[in-house]
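Q: The structure file start04.txt (compact mmCIF, C-alpha atoms) is provided below.
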```
# COMPACT_ATOMS: atom_id res chain seq x y z
CA MET K 15 95.61 102.02 62.40
CA PHE K 16 99.39 101.62 62.73
CA ASP K 17 101.66 100.16 60.10
CA GLN K 18 105.09 98.55 60.25
CA ILE K 19 106.86 101.92 59.98
CA ASP K 20 104.88 103.30 62.94
CA ARG K 21 105.84 100.23 64.97
CA LYS K 22 109.52 100.68 64.06
CA ILE K 23 109.35 104.35 65.07
CA ILE K 24 107.81 103.40 68.44
CA ASP K 25 110.45 100.69 68.98
CA ILE K 26 113.22 103.23 68.32
CA LEU K 27 111.68 105.89 70.59
CA GLN K 28 111.17 103.36 73.40
CA GLN K 29 114.89 102.64 73.30
CA ASP K 30 116.04 106.26 72.93
CA ALA K 31 113.53 109.10 73.04
CA ASN K 32 116.37 111.59 72.44
CA LYS K 33 117.17 110.19 69.02
CA SER K 34 116.78 112.86 66.35
CA VAL K 35 113.93 112.70 63.85
CA VAL K 36 116.54 112.61 61.07
CA ASP K 37 118.17 109.50 62.57
CA ILE K 38 114.80 107.83 63.13
CA ALA K 39 113.74 108.66 59.57
CA ASN K 40 116.95 107.11 58.21
CA GLU K 41 116.40 103.93 60.24
CA VAL K 42 112.81 103.46 59.04
CA GLY K 43 113.40 104.54 55.45
CA LEU K 44 111.52 107.84 55.41
CA SER K 45 112.51 111.43 54.86
CA HIS K 46 112.50 113.82 57.83
CA THR K 47 109.09 115.48 57.36
CA PRO K 48 106.94 112.34 56.93
CA CYS K 49 108.68 110.76 59.92
CA TRP K 50 108.05 113.86 62.04
CA ARG K 51 104.38 113.84 60.97
CA ARG K 52 104.00 110.21 62.06
CA ILE K 53 105.56 110.93 65.45
CA LYS K 54 103.38 114.04 65.87
CA ARG K 55 100.25 112.05 64.93
CA MET K 56 101.09 109.35 67.50
CA GLU K 57 101.66 112.05 70.13
CA ASP K 58 98.41 113.84 69.26
CA MET K 59 96.37 110.65 69.48
CA GLY K 60 97.95 109.77 72.85
CA LEU K 61 99.93 106.68 71.85
CA ILE K 62 103.11 108.52 72.79
CA ARG K 63 102.08 109.94 76.15
CA ASN K 64 105.34 111.46 77.30
CA ARG K 65 109.10 111.35 76.89
CA VAL K 66 110.96 110.86 80.13
CA ALA K 67 114.41 110.20 81.54
CA LEU K 68 114.89 106.76 83.08
CA VAL K 69 116.90 107.18 86.26
CA ASP K 70 119.19 104.46 87.63
CA ARG K 71 117.63 103.38 90.94
CA ARG K 72 120.94 102.58 92.60
CA MET K 73 122.54 105.87 91.64
CA ALA K 74 119.41 107.63 92.96
CA ASN K 75 119.88 105.68 96.24
CA VAL K 76 116.62 103.73 95.97
CA GLY K 77 118.10 100.35 95.09
CA MET K 78 115.74 98.27 97.22
CA THR K 79 112.50 97.14 95.58
CA ILE K 80 109.64 95.88 97.73
CA PHE K 81 106.30 94.52 96.59
CA ILE K 82 103.31 94.83 98.91
CA ALA K 83 100.32 92.56 98.38
CA ILE K 84 97.25 94.13 99.96
CA LYS K 85 93.93 92.67 101.03
CA VAL K 86 91.23 95.14 102.01
CA PRO K 87 88.41 94.81 104.56
CA ARG K 88 85.70 96.09 102.21
CA HIS K 89 85.30 96.97 98.59
CA ASN K 90 83.67 100.34 98.14
CA SER K 91 84.35 103.57 96.34
CA VAL K 92 85.01 105.55 99.54
CA TRP K 93 87.86 103.26 100.58
CA LEU K 94 89.21 103.06 97.02
CA ASP K 95 89.19 106.85 96.61
CA ALA K 96 91.04 107.28 99.92
CA PHE K 97 93.57 104.62 98.89
CA ARG K 98 94.17 106.29 95.53
CA LYS K 99 94.76 109.62 97.25
CA GLU K 100 97.17 108.15 99.79
CA ILE K 101 99.33 106.25 97.30
CA ARG K 102 99.45 109.23 94.94
CA ASP K 103 101.13 111.28 97.69
CA ILE K 104 103.82 108.69 98.52
CA PRO K 105 106.71 109.05 96.04
CA GLU K 106 108.30 105.73 97.04
CA ILE K 107 105.28 103.93 95.56
CA VAL K 108 106.18 103.81 91.89
CA GLU K 109 103.52 101.37 90.69
CA ALA K 110 100.10 100.31 91.97
CA TYR K 111 97.65 97.79 90.57
CA ARG K 112 94.15 96.62 91.43
CA LEU K 113 94.00 92.86 90.92
CA THR K 114 91.68 89.94 90.59
CA GLY K 115 92.11 86.93 92.87
CA GLU K 116 93.07 86.72 96.52
CA THR K 117 95.21 89.86 96.53
CA ASP K 118 93.26 93.07 96.00
CA TYR K 119 96.14 95.47 95.26
CA LEU K 120 99.84 95.20 94.49
CA LEU K 121 102.30 98.03 95.11
CA ARG K 122 105.89 98.32 93.94
CA ILE K 123 107.98 100.49 96.22
CA VAL K 124 111.56 101.68 95.83
CA VAL K 125 113.51 102.76 98.91
CA PRO K 126 117.14 103.06 100.03
CA ASP K 127 116.76 100.65 102.98
CA ILE K 128 114.39 98.78 105.27
CA GLU K 129 114.10 101.73 107.66
CA VAL K 130 112.63 103.94 104.96
CA TYR K 131 110.35 101.09 103.90
CA ASP K 132 109.08 100.86 107.47
CA GLN K 133 108.24 104.58 107.38
CA VAL K 134 106.24 104.06 104.19
CA TYR K 135 104.54 101.02 105.74
CA GLN K 136 103.69 102.91 108.94
CA ASN K 137 102.37 105.80 106.88
CA LEU K 138 100.02 103.45 105.03
CA ILE K 139 98.69 101.54 108.03
CA ASN K 140 98.16 104.71 110.05
CA ARG K 141 95.98 106.27 107.36
CA LEU K 142 93.96 103.37 105.97
CA GLU K 143 92.44 100.11 107.14
CA PHE K 144 93.74 96.87 105.61
CA SER K 145 92.87 93.22 106.17
CA ASP K 146 96.41 92.17 105.31
CA LEU K 147 99.64 93.62 103.98
CA SER K 148 102.28 91.16 102.85
CA SER K 149 105.69 92.47 101.82
CA SER K 150 108.25 90.79 99.59
CA ILE K 151 111.73 92.21 99.06
CA ALA K 152 113.11 91.70 95.56
CA MET K 153 116.43 89.88 95.71
CA GLU K 154 117.35 90.33 92.04
CA GLU K 155 115.94 92.35 89.18
CA MET K 156 115.88 89.73 86.45
CA LYS K 157 114.13 91.84 83.83
CA PHE K 158 113.01 95.44 83.79
CA THR K 159 111.88 97.37 80.77
CA THR K 160 109.57 100.24 80.03
CA ALA K 161 109.36 99.23 76.36
CA LEU K 162 106.01 97.75 75.33
CA PRO K 163 105.66 95.14 72.60
CA THR K 164 104.55 96.82 69.38
CA LYS K 165 103.53 93.74 67.40
CA TYR K 166 99.90 94.08 68.59
CA MET K 167 99.41 97.63 67.33
```
Would you mind writing the structure in this file as structure tokens?
A:
Amino acid sequence: MFDQIDRKIIDILQQDANKSVVDIANEVGLSHTPCWRRIKRMEDMGLIRNRVALVDRRMANVGMTIFIAIKVPRHNSVWLDAFRKEIRDIPEIVEAYRLTGETDYLLRIVVPDIEVYDQVYQNLINRLEFSDLSSSIAMEEMKFTTALPTKYM
């Protein structure tokens, strides 16, 4: 479905989505129009979902990252739908995952300080029932990337 040129284009765009089609074409060895067509095809099929600006967390004053491991009292669609609605409306929650194993859900939260985290925490526990919420504050960001590996495409 995707060839080596497509993978190179994706790698380039994941590093700099503002790079011009001409520059991308030069890097992958195509002329402008065929390169643009490949990018357009990948956008149309949904591989390229969006182009966004990555904001520096510290400059945006949300330098603290907290992970919350959640265990729930029951597993049903009513609770899950309510949970999805609640987390969607809390901007400090930047990632949320449903897991296998002992932890049911994992949230990644970014906040300026522990006081704001406590407000997010209070907001959650006042609106939904949990069996357990366990928080871990990240001490160091050792690796962070939004770029996905393209070798499996």
Q: Using all atoms listed in the file, what residues lie at most 6 Å away from (101.8, 93.6, 97.2) (file coordinates), given as a list in words?
A: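 So the residues meeting the distance criterion are Phe81, Ile82, Ala83, Ile84, Leu120 and Leu121 of chain K.
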Q: Kindly provide, as a PyMOL selection string, the polymer residues lying within 12 Å of (108.3, 111.9, 56.9), counting only C-alpha atoms and using the coordinates exactly as they appear in the file.
A: chain K and resi 19-20+23+35-55
Q: For those residues, write C-alpha atoms to a file as a PDB file, in the frame of the given file.
A:
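Final output, out20.pdb:
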```
ATOM      1  CA  ILE K  19     106.860 101.920  59.980  1.00  0.00           C
ATOM      2  CA  ASP K  20     104.880 103.300  62.940  1.00  0.00           C
ATOM      3  CA  ILE K  23     109.350 104.350  65.070  1.00  0.00           C
ATOM      4  CA  VAL K  35     113.930 112.700  63.850  1.00  0.00           C
ATOM      5  CA  VAL K  36     116.540 112.610  61.070  1.00  0.00           C
ATOM      6  CA  ASP K  37     118.170 109.500  62.570  1.00  0.00           C
ATOM      7  CA  ILE K  38     114.800 107.830  63.130  1.00  0.00           C
ATOM      8  CA  ALA K  39     113.740 108.660  59.570  1.00  0.00           C
ATOM      9  CA  ASN K  40     116.950 107.110  58.210  1.00  0.00           C
ATOM     10  CA  GLU K  41     116.400 103.930  60.240  1.00  0.00           C
ATOM     11  CA  VAL K  42     112.810 103.460  59.040  1.00  0.00           C
ATOM     12  CA  GLY K  43     113.400 104.540  55.450  1.00  0.00           C
ATOM     13  CA  LEU K  44     111.520 107.840  55.410  1.00  0.00           C
ATOM     14  CA  SER K  45     112.510 111.430  54.860  1.00  0.00           C
ATOM     15  CA  HIS K  46     112.500 113.820  57.830  1.00  0.00           C
ATOM     16  CA  THR K  47     109.090 115.480  57.360  1.00  0.00           C
ATOM     17  CA  PRO K  48     106.940 112.340  56.930  1.00  0.00           C
ATOM     18  CA  CYS K  49     108.680 110.760  59.920  1.00  0.00           C
ATOM     19  CA  TRP K  50     108.050 113.860  62.040  1.00  0.00           C
ATOM     20  CA  ARG K  51     104.380 113.840  60.970  1.00  0.00           C
ATOM     21  CA  ARG K  52     104.000 110.210  62.060  1.00  0.00           C
ATOM     22  CA  ILE K  53     105.560 110.930  65.450  1.00  0.00           C
ATOM     23  CA  LYS K  54     103.380 114.040  65.870  1.00  0.00           C
ATOM     24  CA  ARG K  55     100.250 112.050  64.930  1.00  0.00           C
TER      25      ARG K  55
END
```
Q: Can you work out the spacing between atom CA of K:Tyr135 and atom CA of K:Met153 in Å, to one decimal?
A: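 Rounded to one decimal, the two atoms are 19.1 Å apart.
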Q: With all atoms listed in the file as the counted atoms, please give the residues lying no more than 12 Å from K:Arg71, apart from itself and same-chain residues fewer than 2 positions off, as a count of residues only.
A: 17
Q: To one decimal in Å, tell me the separation between atom CA of K:Ile26 and atom CA of K:Tyr166.
A: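 Atom-to-atom, atom CA of K:Ile26 to atom CA of K:Tyr166, that is 16.2 Å.
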Q: Measure the distance from atom CA of K:Lys165 to atom CA of K:Arg21 in Å and round it to one decimal.
A: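 These atoms are spaced 7.3 Å apart.
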Q: Which neighbours of K:Thr117 fall inside 10 Å, counting all atoms listed in the file, when residues of the same chain fewer than 4 positions from it are skipped, and could you give them as a list of chain:residue names?
A: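 Once the adjacent positions are removed, what remains is K:Ile82, K:Ala83, K:Ile84, K:Lys85, K:Val86, K:Arg112, K:Leu113, K:Asp146, K:Leu147, K:Ser148.
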Q: Kindly indicate which residue among K:Ile62, K:Ile101, K:Met156, K:Ser91 lies nearest to K:Asp25, using only C-alpha atoms for the distances.
A: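 Ranked by minimum distance to K:Asp25, first place goes to K:Ile62.
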Q: Pick from K:Ile139, K:Ile107, K:Ile80, K:Val134: nearest to K:Glu154, with only C-alpha atoms counted?
A: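 Comparing K:Ile139, K:Ile107, K:Ile80, K:Val134 against K:Glu154, the winner is K:Ile80.
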Q: Return the single residue from K:Glu109, K:Asp58, K:Glu143, K:Asp70 that is closest to K:Ala96, with distances computed using only C-alpha atoms.
A: K:Glu143
Q: Pick the closest to K:Arg88 from K:Gly60, K:Gln133, K:Leu142, K:Asn32: which is it, counting all atoms listed in the file?
A: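 Checking each of K:Gly60, K:Gln133, K:Leu142, K:Asn32 against K:Arg88, counting all atoms listed in the file, the winner is K:Leu142.
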Q: Considering only C-alpha atoms, state which residue in the set K:Tyr111, K:Trp93, K:Tyr131, K:Phe16 is at the smallest distance from K:Ser150.
A: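 Under the stated criterion, the closest residue is K:Tyr131.
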Q: Kindly indicate which residue among K:His89, K:Gln28, K:Glu129, K:Leu138 lies nearest to K:Ile104, using all atoms listed in the file for the distances.
A: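 The answer is K:Leu138, which sits nearest to K:Ile104.
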Q: Using the partial input, fill out stretch 61-74 of chain K with N, CA and C atoms; write the result as a tab-separated table (two decimals), in the frame of the given file.
A:
```
chain	number	residue	atom	x	y	z
K	61	LEU	N	99.12	107.90	71.80
K	61	LEU	CA	99.93	106.68	71.85
K	61	LEU	C	101.26	106.98	72.52
K	62	ILE	N	101.90	108.05	72.11
K	62	ILE	CA	103.11	108.52	72.79
K	62	ILE	C	102.63	109.52	73.83
K	63	ARG	N	102.63	109.10	75.09
K	63	ARG	CA	102.08	109.94	76.15
K	63	ARG	C	103.08	110.96	76.67
K	64	ASN	N	104.34	110.58	76.70
K	64	ASN	CA	105.34	111.46	77.30
K	64	ASN	C	106.72	110.93	76.93
K	65	ARG	N	107.70	111.77	77.05
K	65	ARG	CA	109.10	111.35	76.89
K	65	ARG	C	109.79	111.70	78.19
K	66	VAL	N	110.40	110.69	78.79
K	66	VAL	CA	110.96	110.86	80.13
K	66	VAL	C	112.40	110.36	80.19
K	67	ALA	N	113.08	110.73	81.26
K	67	ALA	CA	114.41	110.20	81.54
K	67	ALA	C	114.26	109.02	82.49
K	68	LEU	N	114.89	107.90	82.18
K	68	LEU	CA	114.89	106.76	83.08
K	68	LEU	C	116.11	106.89	84.00
K	69	VAL	N	115.85	106.95	85.28
K	69	VAL	CA	116.90	107.18	86.26
K	69	VAL	C	117.35	105.85	86.85
K	70	ASP	N	118.64	105.67	87.00
K	70	ASP	CA	119.19	104.46	87.63
K	70	ASP	C	118.82	104.46	89.11
K	71	ARG	N	118.10	103.45	89.54
K	71	ARG	CA	117.63	103.38	90.94
K	71	ARG	C	118.79	103.40	91.93
K	72	ARG	N	119.83	102.66	91.64
K	72	ARG	CA	120.94	102.58	92.60
K	72	ARG	C	121.68	103.92	92.71
K	73	MET	N	121.87	104.57	91.59
K	73	MET	CA	122.54	105.87	91.64
K	73	MET	C	121.67	106.91	92.32
K	74	ALA	N	120.34	106.72	92.28
K	74	ALA	CA	119.41	107.63	92.96
K	74	ALA	C	119.19	107.20	94.42
```
